[in-house]
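**Q** Take this structure, written in structure tokens, and hold onto it; I'll ask about it next.
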2 protein chains.
Amino acid sequence: MFKIPEHQVAGHQAKDGVLGPLIDDSGNFYKPLQNDGRGSKEIAFYTSLSSDPRVPDNIRRYFPIFRGSKAINASDGSGLQPHLVLEDVVSSYQSPSVMDIKIGSRTWDPQASESYIEKCLKKDRESSSLTLGFRISGLKLVTSSKDASVWQPGRKFLQNLAANDAKLVLSRFVSSNVSSNDNIHPDCSFASKVFGGPSGILEQLLELKKWFEVQTIFHFYSCSVLMVYERESLMKGSSSSGALVKLVDFAHVADAKGAIDHNFLGGLCSLIKFISDVLEAPVENGFCNNYCSKDEH
Amino acid sequence: MFKIPEHQVAGHQAKDGVLGPLIDDSGNFYKPLQNDGRGSKEIAFYTSLSSDPRVPDNIRRYFPIFRGSKAINASDGSGLQPHLVLEDVVSSYQSPSVMDIKIGSRTWDPQASESYIEKCLKKDRESSSLTLGFRISGLKLVTSSKDASVWQPGRKFLQNLAANDAKLVLSRFVSSNVSSNDNIHPDCSFASKVFGGPSGILEQLLELKKWFEVQTIFHFYSCSVLMVYERESLMKGSSSSGALVKLVDFAHVADAKGAIDHNFLGGLCSLIKFISDVLEAPVENGFCNNYCSKDEH
């Protein structure tokens with residue numbers, strides 16, 4: 001009944017006897033409740049989100065639906081363990097292509113313990129979080145449900161990208177000519193259908209940005225923007241990409257104490273600028289020309 | 001010929017034989033060029049700003065005019081020393097009321113030295129920088145050019161405000177009933193003329209925000225927004241406040257390396273939210289009602 005999610009690109013993964021999330025055939029995503037307080041913090045967040053009338057409906061849809069908690073057999077064989085039950089946001093996709101981007105130049109709450117702050121600060125400084133305001137935690141491009149992934153770069157590479165390389169990765173994410181050969185210039189041929197348009201990823205991020213400019217309810221530390229789309233249908237010429245933005249991972253959400261989440265908002269605006277640049281990049285000779293490749297320096 | 005600036009509210013001040021900025025009667029502001037690299041960094045910034053065609057004219061006016069450098073007799077009696085020559089942005093005011101707000105939850109460049117980062121991080125954590133995305137470095141309310149300041153709270157108090165207190169300070173900054181008695185609720189009677197209106201402070205900050213959403217030229221660490229207005233004329237019933245926003249202090253500006261300044265932008269958006277809240281606060285019984293005073297908790 002429970003399976004290991006195929007399309008997870010970041011976080012603990014439930015394979016080789018490790019504790020990680022599971023899914024079922026009814027569109028549920030079971031996330032193990034961590035004992036160290038993070039699990040209860042995430043439940044508290046979802047509970048508060050569900051009941052807080054200040055969260056507008058158009059924003060609520062950017063969060064996975066919360067279906068309570070349940071004890072199920074954990075993926076590490078440790079028997080019945082409590083799990084958070086969430087909507088599996090990719091369950092309706094045939095072969096979702098996914099990118100997970102941790103937002104914010106700071107992933108730690110000022111109220112966290114010294115040792116935790118030290119650990120996070122080190123990671124923020126060693127990754128692109130500090131420089132770009134976000135870091136890519138994982139991505140997977142899939143063309144057909146039968147194929148293996150077309151492109152799934154390693155996390156080490158993804159997490160510490162310079163601006164030009166981040167633009168390149170985002171360009172490849174929406175290009176038809178992606179292969180394991182890194183030297184092919186991306187054609188960005190899906191950019192307008194995935195990033196652009198009235199229901200594309202850019203519009204969704206801009207809607208979130210508007211909310212983050214005024215909301216003083218939550219501060220989202222170490223939370224990710226998940227970008228999903230259906231690549232197979234675009235390869236076949238369809239104009240519908242199923243482009244979707246979701247916010248995920250709320251184990252480090254804190255009370256906003258009267259201020260907007262300037263840390264998340266800044267990182268979100270940075271991501272928006274990168275995506276706008278990919279979208280607006282002039283295409284020359286079939287390649288999008290929005291970054292300097294390394295050999296041009 | 002050279003005088004100590006009366007209206008400086010933050011930074012090193014040239015009194016009691018200390019090295020600090022000087023002004024003259026021709027509207028020039030002389031800032032000592034610090035030897036530790038900060039002086040040359042600030043000159044490099046102004047030089048680059050002056051010549052960079054990517055900086056639009058509507059944004060250029062938010063920076064003090066740069067008039068080169070000059071050796072003048074330093075305020076500490078050490079003889080001729082090199083000074084940056086800038087426009088004295090308050091020289092045209094009779095009795096400017098001024099607030100200096102250091103923008104950004106992080107005041108340090110990732111490329112700075114470990115010891116400098118450690119020092120800044122400590123200050124950011126101990127002040128409101130981390131929580132609000134900015135800290136008030138100083139303020140001075142002056143009613144008439146003959147009077148002493150009406151209100152000039154200590155820096156220690158200003159730098160570590162909780163959200164409600166920041167709102168209170170911003171409310172008092174635009175209230176007619178400010179005195180040394182802290183218990184008087186501010187009336188916010190100048191809010192619409194100073195913060196509001198087509199040329200008010202909010203509109204100026206929003207214009208800057210638009211630029212910060214796209215500019216990938218500079219990252220402004222430890223830079224301040226200076227807010228200035230002429231209080232005397234408002235007290236006399238004039239509708240013109242001379243509300244002015246300037247960016248100041250560029251000793252820690254870094255190359256943007258292709259990303260927007262998400263750190264400055266986040267802090268700026270946070271300040272904008274506070275100022276919008278003061279502006280939109282309902283006035284009840286002659287007092288603006290936009291915060292919980294301490295005794296209401």
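A note on labels: chains of the structure tokens are A, B, ... as shown, every chain counts residues from 1, and ligands are counted from 1 in their shown order.
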Which residues are near Val214 (chain A)? Cut-off 12 Å, only C-alpha atoms, ignore same chain within fewer than 5 positions. Put them as JSON, numbers by chain.

**A** {"A": [54, 55, 56, 207, 208, 209, 219, 256, 258, 259, 260, 261, 262, 265], "B": [266, 269, 270, 271, 272, 273, 274, 275, 276, 277]}

**Q** Could you pull the residues within 7 Å of region 9-13 of chain B, counting only C-alpha atoms, minus those fewer than 3 positions along the same chain, as a ChimeraX atom specification?

**A** /B:18,20-21,100,137-140

**Q** Export, as a PDB file, in the first residue's frame, the selected residues with N, CA, C and O atoms.

**A**
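The new file part08.pdb reads:
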ATOM      1  N   VAL B  18      37.151  64.435  18.083  1.00  0.00           N
ATOM      2  CA  VAL B  18      37.069  63.138  17.401  1.00  0.00           C
ATOM      3  C   VAL B  18      37.040  63.376  15.888  1.00  0.00           C
ATOM      4  O   VAL B  18      36.568  64.415  15.426  1.00  0.00           O
ATOM      5  N   GLY B  20      35.531  63.187  12.443  1.00  0.00           N
ATOM      6  CA  GLY B  20      34.172  63.012  11.934  1.00  0.00           C
ATOM      7  C   GLY B  20      33.937  63.939  10.765  1.00  0.00           C
ATOM      8  O   GLY B  20      34.824  64.713  10.383  1.00  0.00           O
ATOM      9  N   PRO B  21      32.752  63.891  10.181  1.00  0.00           N
ATOM     10  CA  PRO B  21      32.467  64.703   8.997  1.00  0.00           C
ATOM     11  C   PRO B  21      32.357  66.189   9.335  1.00  0.00           C
ATOM     12  O   PRO B  21      32.044  66.565  10.462  1.00  0.00           O
ATOM     13  N   ASP B 100      17.816  57.946  10.599  1.00  0.00           N
ATOM     14  CA  ASP B 100      18.805  57.143   9.867  1.00  0.00           C
ATOM     15  C   ASP B 100      18.512  55.673  10.156  1.00  0.00           C
ATOM     16  O   ASP B 100      18.543  55.244  11.309  1.00  0.00           O
ATOM     17  N   SER B 137      19.390  53.742  13.385  1.00  0.00           N
ATOM     18  CA  SER B 137      20.705  54.106  13.918  1.00  0.00           C
ATOM     19  C   SER B 137      20.669  55.432  14.660  1.00  0.00           C
ATOM     20  O   SER B 137      21.562  55.720  15.457  1.00  0.00           O
ATOM     21  N   GLY B 138      19.669  56.248  14.371  1.00  0.00           N
ATOM     22  CA  GLY B 138      19.574  57.523  15.063  1.00  0.00           C
ATOM     23  C   GLY B 138      18.398  58.312  14.536  1.00  0.00           C
ATOM     24  O   GLY B 138      17.917  58.055  13.428  1.00  0.00           O
ATOM     25  N   LEU B 139      17.920  59.241  15.347  1.00  0.00           N
ATOM     26  CA  LEU B 139      16.868  60.138  14.874  1.00  0.00           C
ATOM     27  C   LEU B 139      16.883  61.398  15.714  1.00  0.00           C
ATOM     28  O   LEU B 139      17.359  61.406  16.860  1.00  0.00           O
ATOM     29  N   LYS B 140      16.373  62.458  15.127  1.00  0.00           N
ATOM     30  CA  LYS B 140      16.341  63.751  15.798  1.00  0.00           C
ATOM     31  C   LYS B 140      15.138  64.508  15.272  1.00  0.00           C
ATOM     32  O   LYS B 140      15.019  64.731  14.068  1.00  0.00           O
TER      33      LYS B 140
END

**Q** Enumerate, as a ChimeraX atom specification, the complete set of residues in region 229-267 of chain B that a backbone-based DSSP assignment places in strand (DSSP E).

**A** /B:229-230,244-248,253-255

**Q** From the set B:Ser127, B:Ser176, B:Gln204, B:Thr143, which residue has the shortest atom-to-atom contact distance to chain A, counting only C-alpha atoms?

**A**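 Nearest candidate to chain A out of B:Ser127, B:Ser176, B:Gln204, B:Thr143: B:Ser127.
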
**Q** Rounded to one decimal place, report the CA of Asp255 (chain A)-CA of Asn58 (chain A) distance in Å.

**A**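 Here the two named atoms are 21.3 Å from each other.
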
**Q** Could you tell me how far CA of Asp52 (chain A) lies from CA of Gly27 (chain A), in Å and to one decimal?

**A**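 Value for the CA of Asp52 (chain A)-CA of Gly27 (chain A) distance: 24.7 Å.
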
**Q** Run DSSP on the backbone and tell me which residues of region 154-267 of chain A come out as helix (DSSP H, G or I); list them as a ChimeraX atom specification.

**A** /A:155-159,163-173,191-194,201-212,231-235,262-267

**Q** Could you name the residues that touch region 235-247 of chain B at 10 Å or less, counting only C-alpha atoms, but leaving out those on the same chain fewer than 5 positions away, as an MDAnalysis selection string?

**A** chainID B and resid 60:64 89:90 92:93 96:103 143:144 175:176 189:190 192:197 199:205 208 220 223:230

**Q** May I ask which of the residues B:Ile217, B:Thr131, B:Leu33, B:Thr107 is the closest one to Ala254 (chain A), counting only C-alpha atoms?

**A**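 Of B:Ile217, B:Thr131, B:Leu33, B:Thr107, the one nearest Ala254 (chain A), counting only C-alpha atoms, is B:Thr131.
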
**Q** Taking only C-alpha atoms into account, which of A:Phe173, A:Tyr116, A:Trp108, A:Trp151 comes nearest chain B?

**A**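 Closest residue, counting only C-alpha atoms: A:Trp108.
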
**Q** To one decimal place, how far is CA of Leu158 (chain A) from CA of Glu213 (chain A) in Å?

**A**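 Interatomic distance, CA of Leu158 (chain A) to CA of Glu213 (chain A): 27.9 Å.
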
**Q** Given only C-alpha atoms as the basis, pick out the residue of B:Thr216, B:Ser91, B:Asn177, B:Ser113 nearest to chain A.

**A**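 Answer, going by the shortest atom-to-atom distance: B:Thr216.
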
**Q** Give me the residues near Arg172 (chain B) as a list in words, where near means some atom within 9 Å (using only C-alpha atoms) and where sequence neighbours in that chain fewer than 4 positions away do not count.

**A**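 In the requested format, the answer is Lys167, Leu168, Ser176, Asn177, Val178, His185, Pro186, Asp187 and Cys188 of chain B.
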